[in-house]
file work_10.csv (CSV, C-alpha atoms (C1' of nucleotides))
chain,number,residue,atom,x,y,z
A,28,MET,CA,57.0,10.4,40.7
A,29,LYS,CA,58.9,10.4,44.0
A,30,LEU,CA,59.5,13.8,45.7
A,31,LYS,CA,62.7,14.2,47.8
A,32,ILE,CA,61.3,16.0,50.8
A,33,ASP,CA,63.2,16.5,54.1
A,34,LYS,CA,60.5,16.9,56.8
A,35,ASN,CA,62.9,17.3,59.7
A,36,ASN,CA,62.2,21.0,60.1
A,37,TRP,CA,58.4,20.7,59.6
A,38,GLU,CA,56.3,21.5,62.6
A,39,LYS,CA,53.5,19.4,63.9
A,40,VAL,CA,50.3,21.5,64.2
A,41,LYS,CA,46.6,21.0,64.9
A,42,LEU,CA,44.1,22.2,62.3
A,43,ILE,CA,42.6,24.6,64.8
A,44,ASP,CA,46.1,26.2,65.3
A,45,VAL,CA,46.3,27.4,61.7
A,46,PHE,CA,42.7,27.8,60.7
A,47,THR,CA,39.9,30.0,61.9
A,48,LYS,CA,36.4,28.7,61.6
A,49,ARG,CA,34.2,31.6,60.3
A,50,GLU,CA,30.5,31.8,61.3
A,51,GLU,CA,29.0,34.5,59.1
A,52,ASN,CA,25.3,33.9,59.3
A,53,ASP,CA,22.6,36.2,58.1
A,54,LYS,CA,19.1,34.5,58.4
A,55,VAL,CA,17.3,37.7,57.3
A,56,ASN,CA,19.3,39.2,54.4
A,57,ALA,CA,21.7,36.5,53.1
A,58,LYS,CA,19.3,35.8,50.3
A,59,LYS,CA,19.3,39.4,49.2
A,60,ARG,CA,23.0,39.9,49.6
A,61,PHE,CA,24.2,36.9,47.5
A,62,ASP,CA,22.9,35.4,44.3
A,63,LYS,CA,24.9,32.1,44.2
A,64,PHE,CA,24.3,29.3,46.7
A,65,LEU,CA,26.2,26.1,47.0
A,66,LYS,CA,24.7,22.7,47.9
A,67,VAL,CA,26.6,19.6,48.9
A,68,GLU,CA,25.7,18.1,45.5
A,69,HIS,CA,27.6,20.8,43.8
A,70,MET,CA,30.9,19.7,45.3
A,71,ASP,CA,32.7,17.0,43.3
A,72,LYS,CA,34.5,14.1,45.0
A,73,GLU,CA,38.2,14.8,45.5
A,74,SER,CA,38.1,18.2,43.7
A,75,LEU,CA,38.8,21.7,45.1
A,76,HIS,CA,37.0,23.3,42.2
A,77,ILE,CA,33.4,24.5,42.2
A,78,LYS,CA,32.0,23.9,38.7
A,79,ARG,CA,28.3,24.1,39.6
A,80,TRP,CA,26.1,26.2,41.8
A,81,SER,CA,22.5,27.3,42.1
A,82,SER,CA,21.5,30.9,41.3
A,83,GLN,CA,18.5,32.8,42.5
A,84,GLU,CA,18.8,35.0,39.3
A,85,LYS,CA,18.3,31.8,37.2
A,86,GLY,CA,15.2,30.9,39.2
A,87,ASP,CA,16.7,28.3,41.6
A,88,GLU,CA,15.0,28.3,44.9
A,89,LEU,CA,17.1,28.9,48.0
A,90,ASN,CA,16.2,26.5,50.9
A,91,PRO,CA,15.3,28.2,54.2
A,92,TYR,CA,18.2,26.8,56.0
A,93,PHE,CA,20.7,28.3,53.6
A,94,TYR,CA,21.9,31.4,55.4
A,95,LYS,CA,25.5,30.7,56.1
A,96,ILE,CA,27.8,33.0,54.1
A,97,PHE,CA,31.1,31.8,52.6
A,98,ARG,CA,33.8,34.0,51.2
A,99,LYS,CA,36.2,33.5,48.3
A,100,GLY,CA,39.3,31.7,49.5
A,101,GLN,CA,37.7,29.8,52.3
A,102,ILE,CA,37.8,26.1,52.6
A,103,LEU,CA,34.3,24.6,52.5
A,104,PHE,CA,34.1,21.2,54.3
A,105,PRO,CA,30.6,19.5,54.6
A,106,THR,CA,30.6,17.7,57.9
A,107,ARG,CA,27.8,15.4,56.8
A,108,ASN,CA,29.1,12.1,55.2
A,109,PRO,CA,32.8,13.1,55.3
A,110,HIS,CA,33.6,9.7,53.7
A,111,LEU,CA,32.3,11.2,50.4
A,112,ARG,CA,35.5,13.3,50.2
A,113,ARG,CA,34.0,16.6,49.2
A,114,THR,CA,35.9,19.6,50.2
A,115,ALA,CA,36.0,22.7,47.9
A,116,LEU,CA,37.9,26.0,47.7
A,117,ALA,CA,35.5,28.9,47.4
A,118,SER,CA,36.1,30.7,44.2
A,119,PHE,CA,33.4,33.3,44.9
A,120,ASP,CA,31.3,34.7,47.8
A,121,GLY,CA,28.0,33.0,48.4
A,122,ILE,CA,25.7,31.0,50.6
A,123,CYS,CA,26.0,27.4,51.8
A,124,GLY,CA,24.2,25.0,54.1
A,125,GLU,CA,24.6,25.3,57.9
A,126,LYS,CA,26.5,22.0,58.1
A,127,THR,CA,29.3,23.1,55.9
A,128,LEU,CA,32.4,24.3,57.8
A,129,THR,CA,33.8,27.6,56.4
A,130,LEU,CA,37.5,27.7,57.3
A,131,GLU,CA,40.0,30.5,56.7
A,132,PRO,CA,43.7,29.9,56.8
A,133,ASN,CA,45.7,31.9,59.3
A,134,GLU,CA,48.3,33.6,57.1
A,135,GLU,CA,50.7,34.1,60.0
A,136,PHE,CA,51.5,30.3,59.7
A,137,ILE,CA,50.3,29.2,56.3
A,138,ILE,CA,50.2,30.3,52.7
A,139,PRO,CA,46.6,30.1,51.5
A,140,GLU,CA,47.7,28.7,48.1
A,141,PHE,CA,49.4,25.8,49.7
A,142,ILE,CA,47.0,24.5,52.3
A,143,PRO,CA,43.7,23.6,50.3
A,144,PHE,CA,45.3,20.3,49.1
A,145,LEU,CA,45.6,19.1,52.7
A,146,PHE,CA,41.9,18.5,52.7
A,147,HIS,CA,42.2,15.9,49.9
A,148,SER,CA,45.0,13.9,51.4
A,149,GLU,CA,44.5,10.3,52.5
A,150,SER,CA,45.6,11.3,56.0
A,151,PHE,CA,42.8,13.9,56.4
A,152,TYR,CA,40.2,11.5,54.9
A,153,ALA,CA,41.4,8.8,57.4
A,154,HIS,CA,41.0,11.2,60.3
A,155,THR,CA,37.6,12.6,59.4
A,156,THR,CA,36.1,9.2,58.6
A,157,GLY,CA,37.6,7.9,61.8
A,158,VAL,CA,35.7,10.4,63.9
A,159,ILE,CA,32.3,9.9,62.2
A,160,ILE,CA,29.4,9.7,64.7
A,161,GLY,CA,25.7,9.2,64.2
A,162,SER,CA,23.9,6.2,62.8
A,163,THR,CA,21.1,7.9,60.8
A,164,ASN,CA,23.3,10.8,59.8
A,165,PRO,CA,27.0,9.9,59.7
A,166,HIS,CA,28.9,13.1,60.4
A,167,CYS,CA,31.8,14.6,62.2
A,168,ARG,CA,32.0,17.5,64.7
A,169,TRP,CA,34.0,20.6,64.3
A,170,ARG,CA,35.9,19.8,67.5
A,171,ASP,CA,37.1,16.5,66.1
A,172,VAL,CA,38.1,18.1,62.7
A,173,ALA,CA,39.9,20.9,64.7
A,174,ASN,CA,42.0,18.3,66.5
A,175,TYR,CA,43.5,16.9,63.2
A,176,GLU,CA,47.3,17.0,63.4
A,177,PHE,CA,49.6,17.3,60.5
A,178,LEU,CA,53.2,18.4,59.6
A,179,LEU,CA,53.5,22.0,58.4
A,180,PRO,CA,56.5,23.0,56.3
A,181,PRO,CA,58.2,26.4,56.7
A,182,LYS,CA,56.7,29.2,54.6
A,183,ASP,CA,59.3,29.3,51.9
A,184,GLN,CA,58.9,25.5,51.3
A,185,GLN,CA,55.1,26.0,51.4
A,186,ASN,CA,55.6,28.4,48.5
A,187,GLN,CA,57.6,26.0,46.4
A,188,LEU,CA,55.2,23.1,47.1
A,189,ALA,CA,52.1,25.3,46.3
A,190,GLU,CA,53.6,26.1,42.9
A,191,LEU,CA,54.1,22.5,42.1
A,192,LEU,CA,50.6,21.5,43.3
A,193,TRP,CA,48.8,24.2,41.4
A,194,ALA,CA,50.8,23.6,38.3
A,195,MET,CA,49.6,20.0,38.4
A,196,ASP,CA,46.1,21.2,39.1
A,197,ASP,CA,46.2,23.6,36.2
A,198,VAL,CA,47.2,20.8,33.8
A,199,ILE,CA,44.1,18.8,34.9
A,200,LYS,CA,41.9,21.9,34.6
A,201,LYS,CA,43.1,22.6,31.0
A,202,GLU,CA,42.7,18.9,30.0
A,203,ARG,CA,39.1,18.9,31.3
A,204,GLU,CA,38.3,22.1,29.4
A,205,VAL,CA,39.6,20.6,26.1
A,206,LEU,CA,37.4,17.5,26.8
A,207,GLU,CA,34.4,19.6,27.4
A,208,ARG,CA,34.9,21.5,24.1
A,209,LEU,CA,35.4,18.2,22.2
A,210,ASN,CA,32.1,16.9,23.7
A,211,GLU,CA,30.2,20.1,22.6
A,212,ALA,CA,31.8,20.1,19.1
A,213,SER,CA,31.0,16.4,18.5
A,214,GLN,CA,27.4,16.9,19.5
A,215,ILE,CA,26.9,19.8,17.1
A,216,ALA,CA,28.8,18.1,14.3
A,217,PHE,CA,26.5,15.0,14.7
A,218,GLU,CA,23.3,17.0,14.6
A,219,ASN,CA,24.5,19.0,11.6
A,220,GLU,CA,25.4,15.8,9.7
A,221,ILE,CA,22.0,14.2,10.4
A,222,GLU,CA,20.3,17.4,9.2
A,223,LYS,CA,22.2,17.4,5.9
A,224,SER,CA,21.7,13.6,5.3
A,225,SER,CA,18.9,12.1,3.3
A,226,GLY,CA,17.0,9.0,4.5
A,227,GLU,CA,13.7,7.7,5.8
A,228,LEU,CA,12.6,8.3,9.4
A,229,ILE,CA,12.0,5.1,11.3
A,230,PRO,CA,11.2,4.4,15.0
A,231,LEU,CA,14.0,3.2,17.2
A,232,SER,CA,11.9,0.1,17.9
A,233,GLU,CA,12.8,-1.1,14.4
A,234,VAL,CA,16.5,-0.6,15.2
A,235,LEU,CA,17.0,-1.8,18.8
A,236,ILE,CA,17.1,-5.5,19.7
A,237,PRO,CA,16.8,-5.9,23.5
A,238,LYS,CA,19.2,-8.4,25.2
A,239,LYS,CA,17.7,-10.2,28.1
A,240,ALA,CA,20.5,-12.2,29.5
A,241,LYS,CA,20.4,-12.3,33.4
A,242,SER,CA,23.0,-13.2,36.0
A,243,GLN,CA,22.0,-14.8,39.3
A,244,VAL,CA,23.9,-14.5,42.6
A,245,PRO,CA,26.7,-15.5,43.0
A,246,HIS,CA,27.7,-13.7,39.9
A,247,LYS,CA,30.3,-15.4,37.7
A,248,ILE,CA,31.4,-12.1,36.0
A,249,ASN,CA,33.5,-9.9,38.4
A,250,ARG,CA,32.7,-6.4,37.2
A,251,TYR,CA,29.5,-4.7,38.2
A,252,ILE,CA,28.1,-1.5,36.6
A,253,GLY,CA,25.6,0.5,38.7
A,254,LEU,CA,24.1,3.8,37.8
A,255,GLU,CA,26.7,5.6,40.0
A,256,HIS,CA,29.5,4.2,37.7
A,257,ILE,CA,28.0,5.9,34.6
A,258,GLU,CA,28.9,9.5,33.9
A,259,SER,CA,26.2,11.6,32.4
A,260,GLY,CA,26.9,12.3,28.7
A,261,ALA,CA,29.8,9.9,28.5
A,262,PHE,CA,30.1,7.5,25.5
A,263,SER,CA,31.9,4.8,27.5
A,264,CYS,CA,31.8,3.5,31.1
A,265,ILE,CA,35.2,3.6,32.8
A,266,GLU,CA,34.3,2.8,36.4
A,267,PHE,CA,32.8,-0.4,37.8
A,268,GLY,CA,32.3,-2.1,41.1
A,269,ASN,CA,32.8,-5.6,42.4
A,270,SER,CA,29.9,-8.0,41.7
A,271,ASN,CA,30.7,-10.0,44.8
A,272,GLU,CA,29.1,-7.2,46.8
A,273,VAL,CA,25.9,-7.3,44.7
A,274,LEU,CA,23.1,-9.4,46.2
A,275,ALA,CA,20.5,-8.9,43.4
A,276,GLN,CA,19.9,-10.4,40.1
A,277,CYS,CA,21.7,-8.4,37.4
A,278,ASN,CA,21.7,-8.0,33.6
A,279,ILE,CA,24.6,-9.4,31.7
A,280,VAL,CA,26.5,-6.8,29.6
A,281,GLU,CA,28.9,-8.1,26.9
A,282,GLU,CA,31.7,-6.0,25.4
A,283,GLY,CA,30.2,-3.9,22.6
A,284,ASP,CA,26.7,-3.9,23.9
A,285,LEU,CA,24.7,-0.7,23.8
A,286,CYS,CA,23.5,0.2,27.3
A,287,TYR,CA,20.9,2.8,28.3
A,288,SER,CA,19.7,3.8,31.8
A,289,LYS,CA,15.9,4.0,31.9
A,290,LEU,CA,15.9,5.7,35.4
A,291,ARG,CA,15.6,9.5,35.4
A,292,PRO,CA,16.2,9.8,31.6
A,293,TYR,CA,17.2,13.4,31.9
A,294,LEU,CA,20.5,12.2,33.4
A,295,ASP,CA,21.6,11.2,29.9
A,296,LYS,CA,23.3,7.9,30.8
A,297,ALA,CA,24.1,5.7,27.8
A,298,PHE,CA,27.3,4.0,26.6
A,299,ILE,CA,28.8,1.2,24.6
A,300,ALA,CA,30.4,-1.4,27.0
A,301,THR,CA,34.2,-1.7,26.6
A,302,PHE,CA,34.3,-4.8,29.0
A,303,GLN,CA,32.1,-7.7,30.1
A,304,ALA,CA,30.1,-7.0,33.3
A,305,VAL,CA,26.9,-7.5,35.2
A,306,SER,CA,24.7,-4.5,35.7
A,307,THR,CA,21.8,-3.0,37.6
A,308,THR,CA,18.5,-4.0,36.1
A,309,GLU,CA,17.8,-0.3,35.5
A,310,LEU,CA,20.0,-0.6,32.4
A,311,LEU,CA,18.5,-1.6,29.1
A,312,ILE,CA,20.9,-3.7,27.0
A,313,TYR,CA,20.7,-3.6,23.2
A,314,ASN,CA,22.0,-4.9,20.0
A,315,THR,CA,21.0,-3.1,16.8
A,316,HIS,CA,20.2,-3.7,13.2
A,317,LYS,CA,19.7,-1.3,10.3
A,318,LEU,CA,21.9,1.2,12.1
A,319,SER,CA,25.1,0.6,14.1
A,320,LYS,CA,25.1,0.7,17.9
A,321,GLU,CA,27.7,3.5,17.7
A,322,PHE,CA,25.4,5.6,15.5
A,323,VAL,CA,22.4,5.0,17.8
A,324,LEU,CA,24.4,6.0,20.8
A,325,TYR,CA,24.9,9.5,19.3
A,326,HIS,CA,21.2,9.7,19.0
A,327,LEU,CA,20.7,8.6,22.7
A,328,HIS,CA,23.0,11.4,23.7
A,329,SER,CA,21.4,14.0,21.5
A,330,LYS,CA,19.3,16.9,22.9
A,331,PRO,CA,16.2,16.1,20.9
A,332,PHE,CA,16.2,12.5,22.2
A,333,ILE,CA,16.7,13.6,25.8
A,334,HIS,CA,13.9,16.1,25.5
A,335,PHE,CA,11.6,13.4,24.0
A,336,VAL,CA,12.2,10.8,26.8
A,337,THR,CA,12.2,13.3,29.6
A,338,GLY,CA,8.7,14.4,28.6
A,339,LYS,CA,7.5,10.8,28.6
A,340,GLY,CA,8.9,9.6,32.0
A,341,PHE,CA,6.4,7.7,34.3
A,342,GLY,CA,6.4,6.3,37.8
A,343,THR,CA,5.2,7.6,41.2
A,344,LYS,CA,8.5,8.0,43.0
A,345,MET,CA,11.0,8.5,40.3
A,346,PRO,CA,10.6,9.1,36.5
A,347,ARG,CA,11.6,6.2,34.3
A,348,VAL,CA,11.1,5.3,30.7
A,349,SER,CA,10.6,1.9,29.1
A,350,HIS,CA,11.8,0.2,26.0
A,351,LYS,CA,8.4,0.9,24.4
A,352,ILE,CA,8.8,4.7,25.0
A,353,ILE,CA,12.4,4.8,23.6
A,354,GLY,CA,11.2,2.8,20.6
A,355,GLU,CA,8.7,5.5,19.7
A,356,TYR,CA,11.6,8.0,19.0
A,357,LYS,CA,12.2,8.4,15.3
A,358,VAL,CA,15.7,8.4,13.8
A,359,LYS,CA,16.8,8.9,10.2
A,360,LEU,CA,17.9,5.8,8.3
A,361,VAL,CA,20.8,7.6,6.7
A,362,ASP,CA,22.5,6.5,3.5
A,363,ASP,CA,25.9,7.6,4.6
A,364,GLU,CA,26.2,6.3,8.1
A,365,ASP,CA,29.9,5.3,7.6
A,366,LYS,CA,30.8,8.8,6.4
A,367,ILE,CA,29.2,10.4,9.5
A,368,LEU,CA,30.7,7.8,11.9
A,369,GLY,CA,34.1,8.4,10.3
A,370,LEU,CA,33.9,12.1,11.2
A,371,MET,CA,32.6,11.2,14.7
A,372,ARG,CA,35.4,8.6,15.3
A,373,ASN,CA,38.0,11.4,15.0
A,374,PHE,CA,36.2,13.2,17.8
A,375,GLU,CA,36.0,10.0,19.8
A,376,LYS,CA,39.7,9.3,19.3
A,377,SER,CA,40.6,12.7,20.6
A,378,LYS,CA,38.2,12.3,23.5
A,379,THR,CA,39.6,9.0,24.5
A,380,ASN,CA,43.2,10.4,24.5
A,381,MET,CA,42.1,13.3,26.6
A,382,ASN,CA,40.3,11.0,29.1
A,383,THR,CA,43.5,8.9,29.5
A,384,LYS,CA,45.6,12.0,30.0
A,385,ILE,CA,43.1,13.2,32.7
A,386,ILE,CA,43.2,9.9,34.6
A,387,ASN,CA,47.0,9.8,34.5
A,388,SER,CA,47.3,13.5,35.7
A,389,LYS,CA,44.9,12.9,38.5
A,390,ALA,CA,46.8,9.9,39.7
A,391,LEU,CA,50.0,11.9,39.7
A,392,GLN,CA,48.4,14.8,41.6
A,393,LYS,CA,47.0,12.4,44.2
A,394,SER,CA,50.5,10.8,44.7
A,395,LEU,CA,52.0,14.3,45.2
A,396,ILE,CA,49.4,15.3,47.7
A,397,ASN,CA,49.9,12.2,49.8
A,398,GLN,CA,53.7,12.5,49.7
A,399,ILE,CA,53.4,16.1,51.1
A,400,PHE,CA,50.7,15.7,53.7
B,10,DT,C1',7.9,-18.6,33.1
B,11,DT,C1',9.5,-14.2,31.8
B,12,DC,C1',10.1,-9.5,32.4
B,13,DA,C1',8.4,-4.7,32.9
B,14,DA,C1',6.7,-2.0,36.5
B,15,DT,C1',6.7,-0.8,41.1
B,16,DG,C1',7.7,0.2,45.8
B,17,DA,C1',10.5,-0.9,50.2
B,18,DG,C1',14.6,0.0,52.3
B,19,DA,C1',19.3,1.9,52.3
B,20,DA,C1',22.1,5.8,51.5
B,21,DG,C1',22.6,10.7,51.1
B,22,DT,C1',21.0,15.6,51.9
B,23,DT,C1',18.4,19.2,54.1
B,24,DC,C1',15.4,20.7,57.8
B,25,DC,C1',14.6,21.7,62.5
B,26,DG,C1',14.9,21.9,67.4
B,27,DG,C1',17.4,21.2,71.8
B,28,DT,C1',21.4,22.4,74.7
B,29,DC,C1',25.3,25.0,76.1
C,8,DG,C1',24.6,32.3,68.4
C,9,DA,C1',27.2,28.2,67.9
C,10,DC,C1',27.1,23.5,68.0
C,11,DC,C1',25.1,19.2,67.8
C,12,DG,C1',22.2,15.3,66.4
C,13,DG,C1',17.7,13.4,65.1
C,14,DA,C1',13.7,13.9,61.8
C,15,DA,C1',12.2,14.4,57.3
C,16,DC,C1',12.8,14.3,52.7
C,17,DT,C1',15.2,12.8,48.2
C,18,DT,C1',17.6,9.6,45.4
C,19,DC,C1',19.2,5.0,44.2
C,20,DT,C1',19.3,-0.1,44.5
C,21,DC,C1',17.1,-4.2,44.4
C,22,DA,C1',13.4,-7.5,45.5
C,23,DT,C1',8.7,-8.4,44.6
C,24,DT,C1',4.5,-8.4,42.0
C,25,DG,C1',1.4,-9.0,38.4
C,26,DA,C1',0.5,-9.1,33.5
C,27,DA,C1',1.5,-11.3,29.2
call {"tool": "encode", "arguments": {"input": "work_10.csv", "output": "structure tokens"}}
result
Amino acid sequence: MKLKIDKNNWEKVKLIDVFTKREENDKVNAKKRFDKFLKVEHMDKESLHIKRWSSQEKGDELNPYFYKIFRKGQILFPTRNPHLRRTALASFDGICGEKTLTLEPNEEFIIPEFIPFLFHSESFYAHTTGVIIGSTNPHCRWRDVANYEFLLPPKDQQNQLAELLWAMDDVIKKEREVLERLNEASQIAFENEIEKSSGELIPLSEVLIPKKAKSQVPHKINRYIGLEHIESGAFSCIEFGNSNEVLAQCNIVEEGDLCYSKLRPYLDKAFIATFQAVSTTELLIYNTHKLSKEFVLYHLHSKPFIHFVTGKGFGTKMPRVSHKIIGEYKVKLVDDEDKILGLMRNFEKSKTNMNTKIINSKALQKSLINQIF
DNA sequence: TTCAATGAGAAGTTCCGGTC
DNA sequence: GACCGGAACTTCTCATTGAA
């Protein structure tokens, strides 16, 4: 989608000309005044929305260096690792880390609804990553961010563009909500169907057939699946990296293989491969018998299974599970697997459609942002 | 020889102290 | 008090080790 924008009357401004950096720190009472606190890990890449946070009420512990207060409507920009593209729009008042810039738009020049998208433009990313300093801690300074220059449209045009950008954002938000509901509903449906079915309980070790194929450097298969490419709770893996950049021995994943991440089992990373790839050796690769891979995958994502493996994790630095541990989990050898899978496939079809819609909507939104800023 | 288990090092995040 | 940057800690990748 190409926008016809005449930028002749747009004014070149520096970020510091149209934003005020707020420093509202309360080392003594911030903890008592605000329940919610936001860590960098709560901010998603290339998203303005805050979907997660920690809460003292829920028992999350507030770090001693979290005393910086942010207010609803402020732009939150973590200066550490700016290449990770994490900037959020505060949707509530709370506490954040000292290294997060809290920026307030100056309404004399800009319309608050318009400007947040600037922080997810390629131009802003290029600037902030270009001014990174520090070898052990890559970061940028406020004075370098403040000097970022961009073209600012007149206010009436800002209004029109804000409407367009938020309309697109709303589409993505609604599509994500639908996907979330579908995930919840399919999980409940699966557990109900298993409960209703009759059949003998058998350990997963009688179902799973480990695949041991390895790939040595240089890898002949182009795609690489690392743990960072696997979304928690997802049934397929959409993202991948380039195996040319991987210097280690890998597992070979064939299309249709059942894959399970043994590292930090509570992260719930399991999927059926939709393409051939090499992968991190933290992935266990399986074929199955007695039950289909698809059917077993629903078990691997079920709450009882995650609870089971989380409790059995071992290792000094990071909890892991092994094939042996997974094999101890008991599943029902149901008589009507096809009937259950038929129901689940309807869910999967809807989920795949929704995923495709989200990917397309995000690409369109990105294109709009980069045409404007 | 194979492969599960482990830990070193890289990358990312929070803590902490110095300087202006 | 704000700003800055290194230290310390956590998480993840990947090479090595040792048991089978």
call {"tool": "closest_residue", "arguments": {"input": "work_10.csv", "among": "A:Glu125, A:Glu281, A:Glu207, A:Glu38", "to": "B:DT22", "atoms": "only C-alpha atoms (C1' of nucleotides)"}}
result
A:Glu125
call {"tool": "closest_atom_pairs", "arguments": {"input": "work_10.csv", "of": "chain A", "to": "chain C", "cutoff": "10 Å", "atoms": "all atoms listed in the file", "output": "Markdown table"}}
result
| residue | atom | partner | partner_atom | distance |
| --- | --- | --- | --- | --- |
| A:Glu50 | CA | C:DA9 | C1' | 8.2 |
| A:Asn52 | CA | C:DG8 | C1' | 9.3 |
| A:Ile160 | CA | C:DG12 | C1' | 9.3 |
| A:Gly161 | CA | C:DG12 | C1' | 7.4 |
| A:Ser162 | CA | C:DG13 | C1' | 9.8 |
| A:Thr163 | CA | C:DG13 | C1' | 7.8 |
| A:Asn164 | CA | C:DG12 | C1' | 8.1 |
| A:Pro165 | CA | C:DG12 | C1' | 9.9 |
| A:His166 | CA | C:DG12 | C1' | 9.3 |
| A:Cys167 | CA | C:DC11 | C1' | 9.9 |
| A:Arg168 | CA | C:DC11 | C1' | 7.8 |
| A:Trp169 | CA | C:DC10 | C1' | 8.3 |
| A:Arg170 | CA | C:DC10 | C1' | 9.6 |
| A:Gly253 | CA | C:DT20 | C1' | 8.6 |
| A:Leu254 | CA | C:DC19 | C1' | 8.1 |
| A:Glu255 | CA | C:DC19 | C1' | 8.6 |
| A:Val273 | CA | C:DC21 | C1' | 9.3 |
| A:Leu274 | CA | C:DC21 | C1' | 8.1 |
| A:Ala275 | CA | C:DC21 | C1' | 5.9 |
| A:Gln276 | CA | C:DC21 | C1' | 8.0 |
| A:Cys277 | CA | C:DC21 | C1' | 9.4 |
| A:Leu290 | CA | C:DC19 | C1' | 9.4 |
| A:Thr307 | CA | C:DT20 | C1' | 7.9 |
| A:Thr308 | CA | C:DC21 | C1' | 8.4 |
| A:Glu309 | CA | C:DT20 | C1' | 9.1 |
| A:Lys344 | CA | C:DT18 | C1' | 9.5 |
| A:Met345 | CA | C:DT18 | C1' | 8.4 |
call {"tool": "closest_atom_pairs", "arguments": {"input": "work_10.csv", "of": "chain A", "to": "chain B", "cutoff": "9 Å", "atoms": "all atoms listed in the file", "output": "tab-separated table"}}
result
residue	atom	partner	partner_atom	distance
A:Lys66	CA	B:DT22	C1'	8.9
A:Val67	CA	B:DT22	C1'	7.5
A:Glu68	CA	B:DT22	C1'	8.3
A:Asn90	CA	B:DT23	C1'	8.3
A:Pro91	CA	B:DC24	C1'	8.3
A:Tyr92	CA	B:DC24	C1'	6.9
A:Arg107	CA	B:DT22	C1'	8.4
A:Asn108	CA	B:DG21	C1'	7.8
A:Gly124	CA	B:DT23	C1'	8.2
A:Asn164	CA	B:DG21	C1'	8.7
A:Lys239	CA	B:DC12	C1'	8.8
A:Gly342	CA	B:DT15	C1'	7.8
A:Thr343	CA	B:DT15	C1'	8.5
A:Lys344	CA	B:DG16	C1'	8.3
A:Ser349	CA	B:DA13	C1'	7.9
call {"tool": "write_last_selection", "arguments": {"input": "work_10.csv", "atoms": "C-alpha atoms", "output": "compact mmCIF listing (two decimals), in the coordinates of the input"}}
result
# COMPACT_ATOMS: atom_id res chain seq x y z
CA LYS A 66 24.70 22.70 47.90
CA VAL A 67 26.60 19.60 48.90
CA GLU A 68 25.70 18.10 45.50
CA ASN A 90 16.20 26.50 50.90
CA PRO A 91 15.30 28.20 54.20
CA TYR A 92 18.20 26.80 56.00
CA ARG A 107 27.80 15.40 56.80
CA ASN A 108 29.10 12.10 55.20
CA GLY A 124 24.20 25.00 54.10
CA ASN A 164 23.30 10.80 59.80
CA LYS A 239 17.70 -10.20 28.10
CA GLY A 342 6.40 6.30 37.80
CA THR A 343 5.20 7.60 41.20
CA LYS A 344 8.50 8.00 43.00
CA SER A 349 10.60 1.90 29.10
call {"tool": "atom_distance", "arguments": {"input": "work_10.csv", "atom1": "atom CA of A:Arg113", "atom2": "atom CA of A:Phe144"}}
result
11.9 Å
call {"tool": "atom_distance", "arguments": {"input": "work_10.csv", "atom1": "atom CA of A:Gln184", "atom2": "atom CA of A:Pro109"}}
result
29.2 Å
call {"tool": "residues_near_point", "arguments": {"input": "work_10.csv", "point": "(30.9, 1.9, 42.1)", "cutoff": "10 Å", "atoms": "only C-alpha atoms (C1' of nucleotides)", "output": "MDAnalysis selection string"}}
result
chainID A and resid 250:257 266:270
call {"tool": "write_last_selection", "arguments": {"input": "work_10.csv", "atoms": "C-alpha atoms", "output": "mmCIF file, in the frame of the given file"}}
result
data_model
loop_
_atom_site.group_PDB
_atom_site.id
_atom_site.type_symbol
_atom_site.label_atom_id
_atom_site.label_comp_id
_atom_site.auth_asym_id
_atom_site.auth_seq_id
_atom_site.Cartn_x
_atom_site.Cartn_y
_atom_site.Cartn_z
ATOM 1 C CA ARG A 250 32.700 -6.400 37.200
ATOM 2 C CA TYR A 251 29.500 -4.700 38.200
ATOM 3 C CA ILE A 252 28.100 -1.500 36.600
ATOM 4 C CA GLY A 253 25.600 0.500 38.700
ATOM 5 C CA LEU A 254 24.100 3.800 37.800
ATOM 6 C CA GLU A 255 26.700 5.600 40.000
ATOM 7 C CA HIS A 256 29.500 4.200 37.700
ATOM 8 C CA ILE A 257 28.000 5.900 34.600
ATOM 9 C CA GLU A 266 34.300 2.800 36.400
ATOM 10 C CA PHE A 267 32.800 -0.400 37.800
ATOM 11 C CA GLY A 268 32.300 -2.100 41.100
ATOM 12 C CA ASN A 269 32.800 -5.600 42.400
ATOM 13 C CA SER A 270 29.900 -8.000 41.700
#
call {"tool": "residues_around", "arguments": {"input": "work_10.csv", "residues": "A:Arg347", "least_positions_apart": "6", "cutoff": "9 Å", "atoms": "all atoms listed in the file", "output": "PyMOL selection string"}}
result
chain A and resi 288-292+336-337+339-341
call {"tool": "residues_around", "arguments": {"input": "work_10.csv", "residues": "A:Lys330", "least_positions_apart": "4", "cutoff": "12 Å", "atoms": "only C-alpha atoms (C1' of nucleotides)", "output": "list of chain:residue names"}}
result
A:Glu211, A:Gln214, A:Ile215, A:Phe217, A:Glu218, A:Gly260, A:Pro292, A:Tyr293, A:Leu294, A:Asp295, A:Tyr325, A:His326, A:His334, A:Phe335, A:Val336, A:Thr337
call {"tool": "residues_around", "arguments": {"input": "work_10.csv", "residues": "stretch 391-394 of chain A", "least_positions_apart": "4", "cutoff": "8 Å", "atoms": "all atoms listed in the file", "output": "VMD selection string"}}
result
chain A and resid 28 148 192 195 to 196 387 398
call {"tool": "write_last_selection", "arguments": {"input": "work_10.csv", "atoms": "C-alpha atoms", "output": "JSON list (two decimals), keeping the file's coordinate frame"}}
result
[["chain", "number", "residue", "atom", "x", "y", "z"],
["A", 28, "MET", "CA", 57.00, 10.40, 40.70],
["A", 148, "SER", "CA", 45.00, 13.90, 51.40],
["A", 192, "LEU", "CA", 50.60, 21.50, 43.30],
["A", 195, "MET", "CA", 49.60, 20.00, 38.40],
["A", 196, "ASP", "CA", 46.10, 21.20, 39.10],
["A", 387, "ASN", "CA", 47.00, 9.80, 34.50],
["A", 398, "GLN", "CA", 53.70, 12.50, 49.70]]
